[in-house]
Amino acid sequence: MYSNTQIIGKIALVGGDEFTPKCESMDRALLDMLSPSKPRITIIPTAAAHENPSKAALNGISYFSKIRADVTQLMVLNNSEANDEKFLQPIENTDVIYFTGGDPQYLLKILSGSLFLKKVLEAISNGIYVIGSSAGAMVLGTYMWHNKWSKCLGIVKNVSVLPHHENAHPALIYEKFSKYLNQDLILLGIDSKTCAVKGTDKWEILGNGGIIIYTKDGWEKFEAGQSLPMDVTRY
């Protein structure tokens, strides 16, 4: 059991390719974990700010609208918006905050030290689900590798997420990163269209692929339907 992976509240870490048909069974299962029959989802495309954030948000709205959700977007694309109390108010009236993929360094830059981050942390402590896909998942960990190591938000402590992991070679990944791993840091290699979700008392895998846990002692693969051997502890 990897005992140092701490977490506040409800989190899902998605390996990428969000809002695609093969994610539907995974996302329906995530929505089934919520008490509202038609949950309110807020799509936040900050990581896609330099690509096509409107398309990223609209893809999420179209996708979730088809699977019994009330969906809106919150276009937090710069520091001004990330620190605007009135602009951020929708976060207080949602059941799910969904961070899309894109540029993890930019997402981290906008979130760090912002009113936006404060409201996200408050939302988590109040039981709101936060889902991060690809870049969105990466920034939720303690560290991320994106051409270099960066310290992240630490919402999921002692974890670094490697998204889009389905084509990775585990032995090569372990060789590259083993010198950084210790009892206080593990890597989660998460396949696209797959997620690690914190349930009531365990981490579970949903989706079409698997997840590889890399520790200082080696690596091990787990498939959808299995639980991950990580403690679900709180601050």
# chains A, B, ... in the order shown; residues from 1 in each chain; ligands from 1
>>> select_by_dssp(residues="range 33-187 of chain A", states="helix (DSSP H, G or I)", output="JSON, numbers by chain")
{"A": [46, 47, 48, 53, 54, 55, 56, 57, 58, 59, 60, 61, 62, 63, 64, 65, 79, 80, 81, 82, 89, 90, 91, 92, 93, 104, 105, 106, 107, 108, 109, 110, 111, 115, 116, 117, 118, 119, 120, 121, 122, 123, 124, 125, 135, 136, 137, 138, 165, 166, 167, 170, 171, 172, 173, 174, 175, 176, 177, 178, 179, 180]}
>>> select_by_dssp(residues="range 22-83 of chain A", states="strand (DSSP E)", output="ChimeraX atom specification")
/A:40-44,70-73
>>> residues_around(residues="range 139-148 of chain A", least_positions_apart="5", cutoff="6 Å", atoms="only C-alpha atoms", output="VMD selection string")
chain A and resid 153 to 160
>>> write_last_selection(atoms="C-alpha atoms", output="PDB file, in the first residue's frame")
ATOM      1  CA  LEU A 153      -0.881  22.480  -6.543  1.00  0.00           C
ATOM      2  CA  GLY A 154      -0.493  19.450  -4.265  1.00  0.00           C
ATOM      3  CA  ILE A 155      -4.230  18.780  -4.137  1.00  0.00           C
ATOM      4  CA  VAL A 156      -3.301  15.129  -4.588  1.00  0.00           C
ATOM      5  CA  LYS A 157      -0.156  14.904  -2.498  1.00  0.00           C
ATOM      6  CA  ASN A 158       2.963  12.913  -3.374  1.00  0.00           C
ATOM      7  CA  VAL A 159       1.672  12.087  -6.861  1.00  0.00           C
ATOM      8  CA  SER A 160       2.863  13.093 -10.322  1.00  0.00           C
TER       9      SER A 160
END
>>> closest_atom_pairs(of="range 111-180 of chain A", to="range 29-40 of chain A", cutoff="10 Å", atoms="only C-alpha atoms", output="CSV")
residue,atom,partner,partner_atom,distance
A:Gly127,CA,A:Leu34,CA,9.9
A:Ile128,CA,A:Leu34,CA,9.2
A:Tyr129,CA,A:Leu34,CA,8.5
A:Ile131,CA,A:Leu30,CA,9.5
>>> residues_around(residues="range 118-120 of chain A", least_positions_apart="4", cutoff="12 Å", atoms="only C-alpha atoms", output="ChimeraX atom specification")
/A:8-11,42,44,82-99,111-114,124-131,140,153,155
>>> residues_around(residues="Thr72 in chain A", least_positions_apart="4", cutoff="7 Å", atoms="only C-alpha atoms", output="list in words")
Ile41, Thr42, Ile43 and Ile61 of chain A
>>> residues_around(residues="Asn167 in chain A", least_positions_apart="3", cutoff="10 Å", atoms="only C-alpha atoms", output="short mmCIF file (atom, residue, chain, number, x, y, z; two decimals) with N, CA and C atoms, in the first residue's frame")
data_model
loop_
_atom_site.label_atom_id
_atom_site.label_comp_id
_atom_site.auth_asym_id
_atom_site.auth_seq_id
_atom_site.Cartn_x
_atom_site.Cartn_y
_atom_site.Cartn_z
N HIS A 164 -1.89 10.30 -21.08
CA HIS A 164 -1.74 9.69 -22.41
C HIS A 164 -0.69 8.58 -22.38
N PRO A 170 6.92 1.03 -20.10
CA PRO A 170 7.14 1.17 -18.65
C PRO A 170 8.60 1.04 -18.21
N ASP A 191 -3.67 5.99 -18.82
CA ASP A 191 -4.02 5.92 -20.23
C ASP A 191 -5.10 6.94 -20.58
N SER A 192 -5.16 7.33 -21.85
CA SER A 192 -6.25 8.18 -22.32
C SER A 192 -7.58 7.45 -22.13
#
>>> closest_residue(among="A:Asn78, A:Ile211, A:Gln73, A:Ser178", to="Ala196 in chain A", atoms="only C-alpha atoms")
A:Ile211
